[in-house]
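Trainee: Right, I'll just put the structure down here and ask away after.
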Amino acid sequence: MFKPPKGTRDLEPDDMILRDKIIEKIKEIFERYGYLPLITPAFEELSTLTAKGGIGPEAVKQIYSFKDKAERELGLIYDLTVPLVRYITTNPDIKLPFKRYQISRVWRYEDISKGRYREFWQADIDIVGSSSMLADSEIIACAIDAFKNIGFKNFIIRLNNRKILSALIEYAGVDKNKIEDVLRTIDKFDKIGRKGVEEELLNIRKINKVSCDKILELIEIKGKPKDILKKAENIIKDIKIGIDGIKELNEIIFYLEKMEAIDVIKIDFSLARGLDYYTGPIFEVFIEENIGSLAGGGRYDKMIGLFSKKDIPAVGISLGLDRIVEIVKEKKIFELPKTNIKVFVIPVNKNLIPYALEISQKIRKEKINCIIDLMNRKLSKNFEYANSQKIPFVIIIGEKEIKQNKLRLRDMVTGKEELLDMKDIIKKLK
């Protein structure tokens with residue numbers, strides 16, 4: 001039997017109807033905030049995707065790479081950020097700030113788990129050209145409104161800053177060759193807890209007890225955002241990069257308060273984010289249950305400089321569409337019909353097909369989704385088909401109906417039939 005490649009799957013009509021609705025709700029908010037649509041190629045030059053300092057060595061291993069017939073080395077896009085950076089670099093005359101959104105597929109050769117595939121969809125927004133924390137705040141507020149528009153209620157935005165993490169590493173006295181390992185361990189705090197992090201730092205990462213205690217001292221600070229930042233400032237007050245990071249987060253908190261978007265914000269110094277290119281604030285969206293991240297992003301002021309002669313500040317967030325769809329289905333945040341077809345037009349014999357076509361087109365011109373019998377089946381078989389496809393209404397066209405200048409409308413849920421003229425049919429279907 002033929003199967004889709006491992007890590008991919010067919011998206012069936014009922015799944016696509018739900019997915020399209022979620023995308024519609026996300027796009028509505030993106031566009032409300034003034035983001036413009038952009039689509040980039042599904043594959044790029046491999047050298048573009050693996051540019052030094054870009055997505056990091058672990059991510060490079062997950063790229064689907066290949067050669068075309070001219071022996072050019074190419075790769076399927078790993079995320080939507082690198083293609084955006086390449087686009088900015090090859091279009092230097094773009095007016096800044098450039099605000100774009102992109103909803104598309106990406107590919108990563110990685111382990112498969114619930115809600116995680118090798119071909120998946122992301123919905124990104126980015127602001128290129130602004131170094132102000134206003135941009136970071138807007139990105140976060142936009143993401144919050146997008147999740148609320150979908151119907152999510154119990155979610156939080158975990159907020160941190162790579163500058164604070166750098167200060168934490170310096171404060172704890174971690175060896176340079178162990179920094180990335182320590183950050184990976186810290187990032188597991190919400191999954192394995194204090195004890196798990198402590199054991200991994202001491203026994204696996206071989207961090208001394210004094211350094212371990214200092215790390216835990218900072219990442220365990222609890223309270224309201226401003227209180228947490230004040231306590232952190234007292235701990236790392238002698239490390240400039242850390243104070244800079246705290247200042248940036250205080251600005252974001254101030255702006256989010258003004259946008260009435262502060263209620264879901266949680267300062268979390270254990271948040272480290274996986275990619276290497278973040279330079280400042282970082283954030284992830286979580287629902288209350290421990291399902292994992294639904295979205296993540298941050299500031300990447302140095303990445304565009306890898307492709308061009310100058311650094312251009314940028315910040316963005318990526319929504320994981322596949323996981324969002326799974327949660328919407330599981331929690332029944334909202335449900336849609338199994339089909340987007342409203343009515344099925346059935347001529348009872350071949351001679352009535354021309355009339356049935358006229359009726360179908362009139363219905364479609366009223367912006368009502370409509371199909372017509374293409375199989376010339378018996379009426380009972382067409383009823384079975386309508387039920388199997390969850391089509392709510394059927395129009396039966398027979399000689400008797402035509403003589404009366406009427407149409408027979410059948411409600412497939414109740415089984416009730418009505419003999420109506422075209423005007424009343426349209427009104428009923430709408």
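Here, A, B, ... name the chains of the structure tokens in the order displayed, residue numbers run from 1 inside each chain, and ligands are numbered from 1 in the same displayed order.
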Sorted by chain and rising residue number, which residues of range 155-186 of chain A lie within 10 Å of range 213-220 of chain A, and what are their closest atom pairs and distances in Å to one decimal, counting only C-alpha atoms, as a Markdown table?
Mentor:
| residue | atom | partner | partner_atom | distance |
| --- | --- | --- | --- | --- |
| A:Ile164 | CA | A:Leu218 | CA | 9.9 |
| A:Leu165 | CA | A:Ile219 | CA | 9.6 |
| A:Leu168 | CA | A:Ile215 | CA | 6.6 |
| A:Ile169 | CA | A:Ile215 | CA | 7.7 |
| A:Tyr171 | CA | A:Lys214 | CA | 7.4 |
| A:Ala172 | CA | A:Lys214 | CA | 5.4 |
| A:Gly173 | CA | A:Lys214 | CA | 9.0 |
| A:Val174 | CA | A:Ile215 | CA | 9.6 |
| A:Val182 | CA | A:Ile215 | CA | 9.5 |
| A:Ile186 | CA | A:Ile219 | CA | 8.2 |
Trainee: Go ahead and write the residues just picked, N, CA and C atoms, as a PDB file, in the first residue's frame.
Mentor:
ATOM      1  N   ILE A 164      19.420  38.346  30.099  1.00  0.00           N
ATOM      2  CA  ILE A 164      19.335  37.919  31.506  1.00  0.00           C
ATOM      3  C   ILE A 164      19.923  36.528  31.665  1.00  0.00           C
ATOM      4  N   LEU A 165      19.695  35.666  30.685  1.00  0.00           N
ATOM      5  CA  LEU A 165      20.295  34.324  30.736  1.00  0.00           C
ATOM      6  C   LEU A 165      21.821  34.411  30.683  1.00  0.00           C
ATOM      7  N   LEU A 168      22.911  35.409  34.014  1.00  0.00           N
ATOM      8  CA  LEU A 168      22.774  34.278  34.934  1.00  0.00           C
ATOM      9  C   LEU A 168      23.971  33.341  34.826  1.00  0.00           C
ATOM     10  N   ILE A 169      24.390  33.068  33.589  1.00  0.00           N
ATOM     11  CA  ILE A 169      25.552  32.201  33.363  1.00  0.00           C
ATOM     12  C   ILE A 169      26.801  32.818  33.995  1.00  0.00           C
ATOM     13  N   TYR A 171      26.855  35.119  36.444  1.00  0.00           N
ATOM     14  CA  TYR A 171      26.628  35.169  37.898  1.00  0.00           C
ATOM     15  C   TYR A 171      26.915  33.813  38.551  1.00  0.00           C
ATOM     16  N   ALA A 172      26.520  32.732  37.847  1.00  0.00           N
ATOM     17  CA  ALA A 172      26.703  31.385  38.405  1.00  0.00           C
ATOM     18  C   ALA A 172      28.105  30.841  38.176  1.00  0.00           C
ATOM     19  N   GLY A 173      28.894  31.502  37.313  1.00  0.00           N
ATOM     20  CA  GLY A 173      30.256  31.057  37.058  1.00  0.00           C
ATOM     21  C   GLY A 173      30.339  29.782  36.239  1.00  0.00           C
ATOM     22  N   VAL A 174      29.463  29.625  35.255  1.00  0.00           N
ATOM     23  CA  VAL A 174      29.448  28.430  34.408  1.00  0.00           C
ATOM     24  C   VAL A 174      30.553  28.520  33.362  1.00  0.00           C
ATOM     25  N   VAL A 182      23.861  23.882  29.818  1.00  0.00           N
ATOM     26  CA  VAL A 182      23.173  24.408  30.998  1.00  0.00           C
ATOM     27  C   VAL A 182      21.857  25.064  30.589  1.00  0.00           C
ATOM     28  N   ILE A 186      18.106  24.213  31.893  1.00  0.00           N
ATOM     29  CA  ILE A 186      17.246  25.231  32.490  1.00  0.00           C
ATOM     30  C   ILE A 186      15.896  25.274  31.777  1.00  0.00           C
TER      31      ILE A 186
END
Trainee: Hey, which bits of range 112-224 of chain A sit within 8 Å of range 242-255 of chain A, and for each residue what's the closest pair of atoms and how far apart in Å (one decimal), counting only C-alpha atoms, rows by chain and increasing number, as a tab-separated table?
Mentor:
residue	atom	partner	partner_atom	distance
A:Met133	CA	A:Ile252	CA	5.9
A:Leu134	CA	A:Tyr255	CA	6.8
A:Asp136	CA	A:Ile252	CA	7.0
A:Ser137	CA	A:Ile252	CA	5.3
A:Asn160	CA	A:Leu249	CA	7.5
A:Asn161	CA	A:Gly245	CA	5.8
A:Arg162	CA	A:Gly245	CA	7.4
A:Lys163	CA	A:Gly245	CA	5.0
A:Ile164	CA	A:Gly242	CA	4.4
A:Leu165	CA	A:Gly242	CA	7.5
A:Ser166	CA	A:Gly242	CA	7.0
A:Ala167	CA	A:Gly242	CA	4.8
A:Leu168	CA	A:Gly242	CA	7.6
Trainee: Which residue out of A:Val343, A:Leu11, A:Ala143, A:Leu18 has the minimum interatomic distance to Gly320 in chain A when only C-alpha atoms are used?
Mentor: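 The shortest atom-to-atom distance to Gly320 in chain A comes from A:Ala143.
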Trainee: Please extract the residues of range 56-270 of chain A with a backbone DSSP assignment of alpha helix (DSSP H) and present them as an NGL selection string.
Mentor: :A and (57-61 or 81-90 or 133-150 or 162-172 or 179-186 or 189-199 or 209-219 or 225-235 or 240-258)
Trainee: Could you pull the residues within 12 Å of range 65-81 of chain A, counting only C-alpha atoms, minus those fewer than 6 positions along the same chain, as a VMD selection string?
Mentor: chain A and resid 38 to 50 54 to 56 58 to 59 87 to 88 100 to 110 118 to 128 275 277 to 278 297 to 300 303 to 304 314 to 320
Trainee: Tell me which protein, DNA and RNA residues are within 8 Å of Met412 in chain A, counting only C-alpha atoms, leaving out same-chain ones fewer than 4 positions away, and put them as a list of chain:residue names.
Mentor: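 The filter keeps A:Ala386, A:Asn387, A:Ile391, A:Pro392, A:Phe393, A:Val394, A:Lys416.
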Trainee: Print the selection's residues with C-alpha atoms to a file, as a short mmCIF file (atom, residue, chain, number, x, y, z; two decimals), in the first residue's frame.
Mentor:
data_model
loop_
_atom_site.label_atom_id
_atom_site.label_comp_id
_atom_site.auth_asym_id
_atom_site.auth_seq_id
_atom_site.Cartn_x
_atom_site.Cartn_y
_atom_site.Cartn_z
CA ALA A 386 -25.78 13.40 1.34
CA ASN A 387 -25.94 11.85 4.80
CA ILE A 391 -24.79 17.84 3.72
CA PRO A 392 -27.66 19.54 5.58
CA PHE A 393 -30.07 20.14 2.67
CA VAL A 394 -31.11 18.44 -0.57
CA LYS A 416 -38.85 17.28 6.70
#
Trainee: Report, in Å to a single decimal, how far apart CA of Asn340 in chain A and CA of Ile368 in chain A are.
Mentor: 9.6 Å
Trainee: Excluding same-chain residues fewer than 6 positions from Ile29 in chain A, what lies within 7 Å of it counting only C-alpha atoms, as a ChimeraX atom specification?
Mentor: /A:142,145-146
Trainee: So that I have them on file, write out the residues from the current selection with N, CA and C atoms, as a PDB file, in the first residue's frame.
Mentor:
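Final file, result-v4.pdb:
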ATOM      1  N   CYS A 142      -0.332  41.044  19.730  1.00  0.00           N
ATOM      2  CA  CYS A 142      -0.980  40.477  18.551  1.00  0.00           C
ATOM      3  C   CYS A 142      -1.189  38.973  18.717  1.00  0.00           C
ATOM      4  N   ASP A 145      -4.068  38.336  21.117  1.00  0.00           N
ATOM      5  CA  ASP A 145      -5.364  38.539  20.477  1.00  0.00           C
ATOM      6  C   ASP A 145      -5.691  37.419  19.490  1.00  0.00           C
ATOM      7  N   ALA A 146      -4.668  36.887  18.811  1.00  0.00           N
ATOM      8  CA  ALA A 146      -4.895  35.782  17.873  1.00  0.00           C
ATOM      9  C   ALA A 146      -5.406  34.551  18.613  1.00  0.00           C
TER      10      ALA A 146
END
Trainee: Between A:Lys390, A:Lys342, A:Lys331, A:Lys427, which has the minimum distance to Ile371 in chain A (counting only C-alpha atoms)?
Mentor: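 Residue with the minimum atom-to-atom distance to Ile371 in chain A: A:Lys342.
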Trainee: If we count only C-alpha atoms, what is near Ile346 in chain A at a cut-off of 7 Å, once residues fewer than 2 positions away on the same chain are taken out, given as a PDB file with C-alpha atoms, in the first residue's frame?
Mentor:
ATOM      1  CA  PHE A 344     -27.127  19.019  -2.881  1.00  0.00           C
ATOM      2  CA  VAL A 348     -34.612  12.684 -10.659  1.00  0.00           C
ATOM      3  CA  ILE A 372     -25.211  18.703  -8.174  1.00  0.00           C
ATOM      4  CA  ASP A 373     -25.568  14.956  -8.726  1.00  0.00           C
ATOM      5  CA  ILE A 395     -33.140  19.939  -3.425  1.00  0.00           C
ATOM      6  CA  ILE A 396     -35.144  17.378  -5.387  1.00  0.00           C
ATOM      7  CA  ILE A 397     -36.052  18.340  -8.954  1.00  0.00           C
TER       8      ILE A 397
END
Trainee: At what distance in Å, to one decimal, does CA of Lys191 in chain A lie from CA of Ile291 in chain A?
Mentor: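 One can read the CA of Ile291 in chain A to CA of Lys191 in chain A distance as 9.7 Å.
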Trainee: From the DSSP assignment of the backbone, select every residue of range 123-341 of chain A that is strand (DSSP E or B), and format the answer as a PyMOL selection string.
Mentor: chain A and resi 123-128+155-161+265-267+281-287+293-299+314-320
Trainee: Store the residues picked out above, limited to C-alpha atoms, as an mmCIF file, in the first residue's frame.
Mentor:
data_model
loop_
_atom_site.group_PDB
_atom_site.id
_atom_site.type_symbol
_atom_site.label_atom_id
_atom_site.label_comp_id
_atom_site.auth_asym_id
_atom_site.auth_seq_id
_atom_site.Cartn_x
_atom_site.Cartn_y
_atom_site.Cartn_z
ATOM 1 C CA ALA A 123 1.890 31.177 11.172
ATOM 2 C CA ASP A 124 4.510 33.901 11.635
ATOM 3 C CA ILE A 125 4.516 37.638 12.207
ATOM 4 C CA ASP A 126 7.694 39.720 12.239
ATOM 5 C CA ILE A 127 8.661 43.368 12.513
ATOM 6 C CA VAL A 128 11.911 44.254 10.757
ATOM 7 C CA PHE A 155 -3.033 30.266 28.234
ATOM 8 C CA ILE A 156 0.045 32.175 29.388
ATOM 9 C CA ILE A 157 2.916 34.005 27.707
ATOM 10 C CA ARG A 158 6.234 33.053 29.278
ATOM 11 C CA LEU A 159 8.621 35.984 28.902
ATOM 12 C CA ASN A 160 12.401 36.134 29.380
ATOM 13 C CA ASN A 161 15.468 37.786 27.874
ATOM 14 C CA ILE A 265 2.147 37.450 31.045
ATOM 15 C CA LYS A 266 4.491 35.428 33.260
ATOM 16 C CA ILE A 267 8.170 36.340 33.706
ATOM 17 C CA PRO A 281 13.478 39.267 24.726
ATOM 18 C CA ILE A 282 12.151 35.745 24.111
ATOM 19 C CA PHE A 283 8.631 34.442 24.645
ATOM 20 C CA GLU A 284 6.486 31.340 24.327
ATOM 21 C CA VAL A 285 2.753 30.669 24.495
ATOM 22 C CA PHE A 286 1.593 27.817 26.733
ATOM 23 C CA ILE A 287 -1.832 26.593 27.720
ATOM 24 C CA SER A 293 4.511 25.415 23.497
ATOM 25 C CA LEU A 294 1.886 26.592 21.023
ATOM 26 C CA ALA A 295 3.970 29.538 19.814
ATOM 27 C CA GLY A 296 7.386 31.018 20.362
ATOM 28 C CA GLY A 297 9.617 33.836 19.261
ATOM 29 C CA GLY A 298 11.842 36.692 20.247
ATOM 30 C CA ARG A 299 14.238 39.396 19.105
ATOM 31 C CA ALA A 314 13.990 42.349 14.017
ATOM 32 C CA VAL A 315 11.509 40.554 16.266
ATOM 33 C CA GLY A 316 8.868 37.930 15.567
ATOM 34 C CA ILE A 317 6.756 35.022 16.771
ATOM 35 C CA SER A 318 5.739 31.740 15.166
ATOM 36 C CA LEU A 319 2.430 30.007 15.934
ATOM 37 C CA GLY A 320 2.483 26.211 15.622
#
